[in-house]
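Asker: Got entry_27.cif for you, mmCIF, C-alpha atoms:
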data_upload
#
loop_
_atom_site.label_atom_id
_atom_site.label_comp_id
_atom_site.auth_asym_id
_atom_site.auth_seq_id
_atom_site.Cartn_x
_atom_site.Cartn_y
_atom_site.Cartn_z
CA MET A 1 -10.79 22.72 -20.85
CA ALA A 2 -7.00 22.87 -20.67
CA ASN A 3 -5.22 19.55 -20.02
CA LEU A 4 -4.07 19.74 -16.38
CA GLY A 5 -1.40 17.12 -16.98
CA ILE A 6 0.62 20.01 -18.44
CA PRO A 7 2.37 21.80 -15.52
CA GLN A 8 1.67 25.33 -16.79
CA ASN A 9 -2.10 24.67 -16.84
CA THR A 10 -2.05 23.32 -13.30
CA ILE A 11 -0.13 26.37 -12.07
CA GLU A 12 -2.65 28.69 -13.74
CA VAL A 13 -5.61 26.97 -12.04
CA LEU A 14 -3.89 27.05 -8.64
CA GLN A 15 -3.14 30.78 -9.04
CA LYS A 16 -6.61 31.61 -10.34
CA TYR A 17 -8.20 30.10 -7.22
CA LYS A 18 -5.37 31.15 -4.86
CA PHE A 19 -5.28 27.52 -3.74
CA ASN A 20 -3.30 26.65 -0.61
CA PHE A 21 -1.94 23.13 -0.26
CA GLN A 22 -3.14 21.38 2.88
CA LYS A 23 -0.43 19.44 4.67
CA LYS A 24 -3.09 17.43 6.54
CA PHE A 25 -4.53 16.09 3.28
CA GLY A 26 -1.11 15.13 1.86
CA GLN A 27 -1.77 16.97 -1.41
CA ASN A 28 0.63 16.41 -4.33
CA PHE A 29 -0.82 16.96 -7.79
CA LEU A 30 0.46 14.93 -10.73
CA ILE A 31 1.84 16.97 -13.65
CA ASP A 32 3.09 14.43 -16.15
CA PRO A 33 0.93 13.34 -19.11
CA ASN A 34 3.10 10.23 -19.66
CA VAL A 35 2.46 8.99 -16.14
CA LEU A 36 -1.26 9.81 -16.44
CA ASN A 37 -1.54 7.81 -19.66
CA LYS A 38 0.40 4.96 -18.08
CA ILE A 39 -2.12 4.86 -15.20
CA MET A 40 -5.05 4.82 -17.66
CA ASP A 41 -3.46 1.99 -19.65
CA SER A 42 -2.58 -0.04 -16.54
CA ALA A 43 -6.09 0.32 -15.17
CA GLU A 44 -7.42 -0.70 -18.61
CA ILE A 45 -10.14 1.96 -18.49
CA THR A 46 -12.78 1.48 -21.22
CA LYS A 47 -16.18 2.95 -22.13
CA GLU A 48 -17.78 0.04 -20.24
CA ASP A 49 -16.28 1.15 -16.94
CA CYS A 50 -17.60 2.95 -13.91
CA VAL A 51 -14.56 4.32 -12.07
CA LEU A 52 -14.27 5.49 -8.48
CA GLU A 53 -11.50 8.07 -8.12
CA ILE A 54 -10.31 8.84 -4.61
CA GLY A 55 -8.81 12.30 -4.07
CA PRO A 56 -9.20 13.95 -7.48
CA GLY A 57 -7.41 17.13 -6.33
CA ILE A 58 -7.95 19.76 -9.05
CA GLY A 59 -9.24 17.11 -11.47
CA THR A 60 -6.07 16.26 -13.41
CA MET A 61 -6.54 12.49 -13.51
CA THR A 62 -10.33 12.92 -13.51
CA GLN A 63 -10.11 14.56 -16.95
CA TYR A 64 -8.19 11.57 -18.30
CA LEU A 65 -10.65 9.14 -16.71
CA ALA A 66 -13.68 11.03 -18.04
CA GLU A 67 -12.28 10.78 -21.58
CA ARG A 68 -12.00 7.00 -21.34
CA ALA A 69 -14.65 5.75 -18.91
CA ARG A 70 -18.43 5.59 -19.10
CA GLU A 71 -18.82 7.19 -15.69
CA VAL A 72 -16.51 8.61 -13.03
CA VAL A 73 -17.36 9.20 -9.37
CA ALA A 74 -14.69 11.35 -7.70
CA VAL A 75 -14.61 11.62 -3.90
CA GLU A 76 -12.71 14.66 -2.59
CA ILE A 77 -12.37 15.51 1.12
CA ASP A 78 -11.11 19.11 0.73
CA LYS A 79 -14.01 21.60 0.45
CA ALA A 80 -11.68 24.21 -1.09
CA LEU A 81 -11.22 21.99 -4.16
CA ILE A 82 -14.94 21.63 -5.00
CA PRO A 83 -15.33 24.95 -6.90
CA ILE A 84 -12.09 24.22 -8.78
CA LEU A 85 -13.37 20.77 -9.79
CA GLU A 86 -16.65 22.27 -11.00
CA ASP A 87 -14.56 24.50 -13.26
CA THR A 88 -11.93 22.01 -14.51
CA LEU A 89 -14.52 19.27 -15.14
CA SER A 90 -17.25 21.49 -16.60
CA ALA A 91 -16.77 19.97 -20.07
CA TYR A 92 -17.71 16.47 -18.86
CA ASP A 93 -21.23 15.22 -18.18
CA ASN A 94 -20.09 11.78 -16.98
CA VAL A 95 -18.43 12.90 -13.72
CA THR A 96 -19.99 13.11 -10.26
CA VAL A 97 -17.96 14.87 -7.55
CA ILE A 98 -18.71 14.03 -3.91
CA ASN A 99 -17.26 16.21 -1.14
CA GLU A 100 -16.75 13.55 1.53
CA ASP A 101 -14.15 11.54 3.43
CA ILE A 102 -13.82 8.28 1.46
CA LEU A 103 -13.59 6.32 4.72
CA LYS A 104 -17.12 7.49 5.58
CA VAL A 105 -18.72 6.88 2.17
CA ASP A 106 -21.03 3.89 1.70
CA ILE A 107 -19.25 2.65 -1.42
CA ASN A 108 -21.47 -0.40 -1.78
CA ARG A 109 -24.51 1.88 -2.10
CA LEU A 110 -22.64 4.06 -4.58
CA VAL A 111 -21.79 1.04 -6.75
CA GLU A 112 -25.43 -0.04 -6.61
CA GLU A 113 -26.65 3.40 -7.72
CA LYS A 114 -24.02 4.14 -10.37
CA ASN A 115 -23.18 0.69 -11.73
CA GLY A 116 -26.09 -1.58 -10.88
CA GLY A 117 -23.96 -3.41 -8.32
CA ASN A 118 -21.47 -4.55 -10.99
CA PRO A 119 -17.73 -4.41 -10.23
CA ILE A 120 -16.09 -0.99 -10.53
CA LYS A 121 -12.47 0.03 -11.01
CA VAL A 122 -10.77 2.25 -8.44
CA VAL A 123 -8.07 4.71 -9.48
CA ALA A 124 -6.34 7.06 -7.04
CA ASN A 125 -3.30 9.16 -6.31
CA LEU A 126 -3.38 8.47 -2.58
CA PRO A 127 -1.97 10.51 0.29
CA TYR A 128 0.60 8.29 1.92
CA TYR A 129 -0.74 8.44 5.48
CA ILE A 130 -4.09 6.98 4.47
CA THR A 131 -3.11 4.36 1.85
CA THR A 132 -3.53 1.28 4.05
CA PRO A 133 -6.91 2.14 5.64
CA ILE A 134 -8.38 2.97 2.22
CA ILE A 135 -7.15 -0.19 0.52
CA MET A 136 -8.14 -2.45 3.41
CA GLY A 137 -11.50 -0.69 3.68
CA LEU A 138 -12.22 -1.39 0.00
CA PHE A 139 -11.26 -5.06 0.28
CA GLU A 140 -12.85 -5.83 3.64
CA SER A 141 -16.17 -4.14 2.93
CA GLY A 142 -16.70 -6.52 0.00
CA VAL A 143 -17.22 -3.71 -2.54
CA PRO A 144 -17.57 -5.28 -6.02
CA LEU A 145 -14.16 -4.47 -7.53
CA LYS A 146 -12.27 -5.39 -10.68
CA SER A 147 -9.04 -3.64 -9.76
CA ILE A 148 -7.45 -0.83 -7.78
CA THR A 149 -4.76 1.16 -9.61
CA ILE A 150 -3.07 3.60 -7.27
CA MET A 151 -0.14 5.90 -6.93
CA VAL A 152 1.51 5.33 -3.56
CA GLN A 153 4.83 5.87 -1.84
CA LYS A 154 7.36 3.56 -3.52
CA GLU A 155 8.19 1.64 -0.37
CA VAL A 156 4.49 0.97 0.28
CA ALA A 157 4.14 -0.42 -3.26
CA ASP A 158 7.19 -2.62 -2.64
CA ARG A 159 5.71 -3.83 0.63
CA MET A 160 2.49 -4.87 -1.09
CA GLN A 161 4.26 -7.30 -3.37
CA GLU A 162 6.98 -8.63 -1.03
CA GLY A 163 7.24 -12.29 -0.04
CA PRO A 164 8.27 -14.00 3.23
CA GLY A 165 11.65 -13.40 4.82
CA THR A 166 12.21 -9.86 3.52
CA LYS A 167 12.39 -6.75 5.67
CA GLU A 168 9.40 -5.15 3.86
CA TYR A 169 7.17 -8.20 4.22
CA GLY A 170 4.40 -7.67 6.73
CA ALA A 171 0.69 -7.61 7.49
CA LEU A 172 -0.01 -5.29 4.53
CA SER A 173 1.78 -7.64 2.07
CA LEU A 174 -0.31 -10.58 3.27
CA ALA A 175 -3.60 -8.69 3.31
CA VAL A 176 -3.12 -7.33 -0.22
CA GLN A 177 -1.98 -10.71 -1.56
CA TYR A 178 -4.99 -12.47 0.00
CA TYR A 179 -7.44 -10.23 -1.87
CA ALA A 180 -5.57 -9.29 -5.04
CA GLU A 181 -2.63 -9.85 -7.33
CA PRO A 182 -0.25 -6.86 -6.95
CA LYS A 183 1.89 -5.55 -9.79
CA VAL A 184 4.01 -2.39 -9.81
CA VAL A 185 3.49 -0.82 -13.24
CA ALA A 186 5.56 2.38 -12.99
CA ASN A 187 8.03 4.18 -10.75
CA VAL A 188 7.36 7.91 -10.55
CA PRO A 189 10.04 10.41 -9.44
CA PRO A 190 9.21 13.43 -7.22
CA ASN A 191 9.54 15.94 -10.10
CA CYS A 192 6.27 14.63 -11.61
CA PHE A 193 4.28 16.39 -8.86
CA ILE A 194 3.41 19.87 -7.57
CA PRO A 195 4.55 20.32 -4.82
CA ARG A 196 7.39 17.80 -5.02
CA PRO A 197 7.10 15.06 -2.38
CA ASN A 198 10.23 14.03 -0.46
CA VAL A 199 9.94 10.41 -1.56
CA GLY A 200 9.66 8.43 -4.76
CA SER A 201 6.26 7.08 -5.76
CA ALA A 202 5.03 4.07 -7.69
CA VAL A 203 1.87 3.08 -9.50
CA ILE A 204 0.65 -0.35 -8.43
CA ARG A 205 -2.27 -2.28 -9.83
CA LEU A 206 -4.13 -4.67 -7.52
CA THR A 207 -6.27 -7.07 -9.55
CA ARG A 208 -9.01 -8.49 -7.34
CA TYR A 209 -9.14 -12.29 -7.08
CA GLU A 210 -12.52 -13.93 -7.72
CA GLN A 211 -11.56 -16.44 -5.03
CA PRO A 212 -8.75 -15.94 -2.49
CA PRO A 213 -5.65 -18.03 -3.32
CA VAL A 214 -5.84 -19.88 0.03
CA GLN A 215 -8.65 -21.71 1.80
CA VAL A 216 -9.25 -20.35 5.28
CA GLN A 217 -12.15 -21.09 7.65
CA ASP A 218 -12.24 -17.65 9.22
CA GLU A 219 -10.61 -14.63 7.54
CA LYS A 220 -10.89 -12.45 10.64
CA HIS A 221 -9.07 -15.04 12.73
CA MET A 222 -6.28 -15.41 10.19
CA PHE A 223 -5.76 -11.63 9.98
CA ALA A 224 -5.76 -11.34 13.78
CA LEU A 225 -2.97 -13.98 13.81
CA ILE A 226 -1.06 -12.10 11.10
CA ARG A 227 -1.35 -8.77 12.92
CA ALA A 228 -0.26 -10.31 16.23
CA SER A 229 2.75 -11.99 14.66
CA PHE A 230 3.98 -8.77 13.03
CA ASN A 231 3.20 -6.52 16.01
CA GLN A 232 6.30 -7.96 17.64
CA ARG A 233 8.48 -8.90 14.70
CA ARG A 234 11.50 -9.86 16.75
CA LYS A 235 9.62 -12.41 18.82
CA THR A 236 9.10 -16.01 17.87
CA LEU A 237 5.63 -16.78 16.58
CA MET A 238 4.95 -18.86 19.66
CA ASN A 239 5.65 -15.93 22.02
CA GLY A 240 4.04 -13.32 19.79
CA LEU A 241 0.75 -15.21 19.51
CA GLY A 242 0.82 -16.59 23.04
CA ASN A 243 1.05 -13.06 24.48
CA ALA A 244 -1.48 -11.44 22.14
CA GLY A 245 -4.63 -10.29 23.90
CA GLY A 246 -7.85 -11.29 22.20
CA LEU A 247 -6.49 -14.31 20.33
CA GLN A 248 -6.97 -16.73 23.20
CA VAL A 249 -4.34 -19.20 22.11
CA SER A 250 -1.73 -20.62 24.45
CA LYS A 251 1.93 -21.05 23.59
CA GLU A 252 1.37 -24.80 23.86
CA GLN A 253 -1.38 -24.69 21.22
CA VAL A 254 0.83 -22.66 18.89
CA ALA A 255 3.77 -25.03 19.43
CA ALA A 256 1.57 -28.07 18.68
CA ALA A 257 0.18 -26.42 15.53
CA LEU A 258 3.67 -25.51 14.28
CA GLU A 259 4.83 -29.06 14.91
CA GLN A 260 1.86 -30.37 12.91
CA MET A 261 2.95 -28.06 10.07
CA GLY A 262 6.53 -29.32 10.26
CA LEU A 263 7.87 -25.96 11.47
CA PRO A 264 10.31 -25.38 14.37
CA ALA A 265 8.98 -23.84 17.61
CA THR A 266 11.48 -20.97 17.16
CA VAL A 267 10.00 -19.81 13.82
CA ARG A 268 9.16 -16.11 13.38
CA GLY A 269 6.01 -14.78 11.72
CA GLU A 270 7.94 -12.98 8.99
CA THR A 271 9.05 -16.31 7.49
CA LEU A 272 5.54 -17.72 7.03
CA SER A 273 3.77 -17.54 3.67
CA LEU A 274 0.09 -16.69 3.22
CA GLU A 275 -0.62 -20.43 2.76
CA GLN A 276 1.10 -21.19 6.07
CA PHE A 277 -0.83 -18.49 7.94
CA ALA A 278 -4.07 -19.91 6.53
CA GLN A 279 -3.04 -23.42 7.60
CA LEU A 280 -2.04 -22.21 11.07
CA SER A 281 -5.34 -20.39 11.50
CA ASN A 282 -7.32 -23.46 10.40
CA ILE A 283 -5.40 -25.76 12.77
CA LEU A 284 -5.79 -23.43 15.77
CA LEU A 285 -9.53 -23.05 15.11
CA SER A 286 -10.03 -26.80 14.85
CA LYS A 287 -8.49 -27.27 18.31
#
Hey, can you dump this file as structure tokens for me?

Answerer:
Amino acid sequence: MANLGIPQNTIEVLQKYKFNFQKKFGQNFLIDPNVLNKIMDSAEITKEDCVLEIGPGIGTMTQYLAERAREVVAVEIDKALIPILEDTLSAYDNVTVINEDILKVDINRLVEEKNGGNPIKVVANLPYYITTPIIMGLFESGVPLKSITIMVQKEVADRMQEGPGTKEYGALSLAVQYYAEPKVVANVPPNCFIPRPNVGSAVIRLTRYEQPPVQVQDEKHMFALIRASFNQRRKTLMNGLGNAGGLQVSKEQVAAALEQMGLPATVRGETLSLEQFAQLSNILLSK
């Protein structure tokens, strides 16, 4: 089968099947062998690995994965791409294509069936609108994971590795850094895709922690605090949390907790580190 990383081969497949790009699925196909190899190397794909690929498109990255991995499970939402994938992946007997919305797939069951419940690696070129729900879904559902290596919008990749006090820092930064160590491994310009996106992209590798870097009594509570404090960025933490429905903490409780932590009552959420959010959550729960 022709290497789809070469633009001409991708164009031929798209013409052969008269494929129409779907705006709603955010489809941009990668056409740069250097970037594809960089993703494979960053994800450290070996013959031991079972890889879950999200959004294989016409199978460009799937071909590269199939060459290196023991087994690849590719989940594609667009029905129109299934016959194309059957064609472009016909040379490989270690690929399973599932026509499904990844957010509705029972990934834990899949890992059990395909990899005996052992940790998998996730590789994806993700549509920008769905990056956060997919990543958070993978982490929160407790799927056994070694790493997630994904192509995302550059500013989303930046956000995932930002620290306190920066404009990009937010709930996503904290969530990613609680579960994994983020590292941007490549910046990818728009001309590496068909059709060209309007924004730059980046490949980021999230290496799953065995144990989270902070001790927290109740993850859900800490993330509810984090979300509430970034929902109203301009407000002080005391007002943001005191007004948040569902948290059931008073401004007085927040003020007392901040004082215990040696922080001023006027502090904003965007200046707190992951450790400090964990500490705040633990203090508020113990009250």

Asker: Residues within 10 Å of Val249 (chain A), please, as a VMD selection string. Count only C-alpha atoms; anything in the same chain fewer than 3 positions from it doesn't count.

Answerer: chain A and resid 225 238 241 to 246 252 to 254 284 to 285 287

Asker: Selected by the PyMOL selection byres ((chain A and resi 126-129) around 10) in the shown coordinates: which residues, as a list in words?

Answerer: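 With the shown file as input, the PyMOL selection byres ((chain A and resi 126-129) around 10) matches Lys24, Phe25, Gly26, Gln27, Asn28, Glu53, Ile54, Gly55, Pro56, Val123, Ala124, Asn125, Ile130, Thr131, Thr132, Pro133, Ile134, Ile135, Ile150, Met151, Val152, Gln153, Lys154, Val156 and Ser201 of chain A.
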
Asker: Given the PyMOL selection byres ((chain A and resi 262-277) around 6) and the file above, list the residues it selects as a VMD selection string.

Answerer: chain A and resid 164 to 165 214 229 236 to 237 255 258 to 261 278 to 280

Asker: I'd like to know which of A:Ile77, A:Ala43, A:Met222, A:Ile204 is closest to Tyr178 (chain A), using only C-alpha atoms.

Answerer: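 Of A:Ile77, A:Ala43, A:Met222, A:Ile204, the one nearest Tyr178 (chain A), counting only C-alpha atoms, is A:Met222.
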
Asker: Please enumerate the residues selected by the PyMOL selection byres ((chain A and resi 73) around 9) when evaluated against the supplied file, formatted as a PyMOL selection string.

Answerer: chain A and resi 50-54+62+71-72+74-75+94-98+110+114

Asker: Would you list the contacts of Ser90 (chain A) as an MDAnalysis selection string, taking every protein, DNA or RNA residue within 10 Å and counting only C-alpha atoms, but skipping same-chain residues closer than 5 positions in sequence?

Answerer: chainID A and resid 1 63 84:85 95

Asker: Adding 5 Å on each side of the box along x, y and z that holds all listed atoms of region 68-75 of chain A, could you give its centre and edge lengths in Å to one decimal, as lines of an AutoDock Vina configuration file?

Answerer:
center_x = -15.4
center_y = 8.6
center_z = -12.6
size_x = 16.8
size_y = 16.0
size_z = 27.4

Asker: Could you tell me how far CA of Asn115 (chain A) lies from CA of Lys79 (chain A), in Å and to one decimal?

Answerer: 25.9 Å

Asker: From the options A:Gln248, A:Tyr209, A:Ala80, A:Pro197, which residue's atoms come nearest to Ala228 (chain A), counting all atoms listed in the file?

Answerer: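 With all atoms listed in the file as the atom set, the closest residue is A:Gln248.
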
Asker: Mind giving me the straight-line distance from CA of Asn34 (chain A) to CA of Gly5 (chain A) in Å, one decimal?

Answerer: 8.7 Å

Asker: Taking 3 positions as the minimum chain separation for residues in the same chain, which residues sit within 8 Å of Asp218 (chain A) when counting all atoms listed in the file? Answer as number ranges by chain.

Answerer: A: 221-222, 281-282

Asker: Nearest to Gly200 (chain A) among A:Val105, A:Ile82, A:Ala157, A:Ile226, with distances taken over only C-alpha atoms: which residue is it?

Answerer: A:Ala157

Asker: Give me, please, the distance in Å between CA of Gln215 (chain A) and CA of Phe230 (chain A), quoted to one decimal.

Answerer: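 CA of Phe230 (chain A) lies at a distance of 21.3 Å from CA of Gln215 (chain A).
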
Asker: When you count only C-alpha atoms, which of these residues is closest to Leu247 (chain A): A:Arg159, A:Lys220, A:Lys16, A:Arg109?

Answerer: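 Among A:Arg159, A:Lys220, A:Lys16, A:Arg109, it is A:Lys220 that comes nearest to Leu247 (chain A).
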
Asker: Measuring between only C-alpha atoms, which one of A:Leu103, A:Phe193, A:Val203, A:Glu162 shows the shortest distance to Asn37 (chain A)?

Answerer: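 Residue with the minimum atom-to-atom distance to Asn37 (chain A): A:Val203.
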
Asker: Within 9 Å of (-2.4, 17.1, -18.6) in the file's own coordinates, which protein, DNA or RNA residues have an atom, counting only C-alpha atoms? List them as a count of residues only.

Answerer: 18
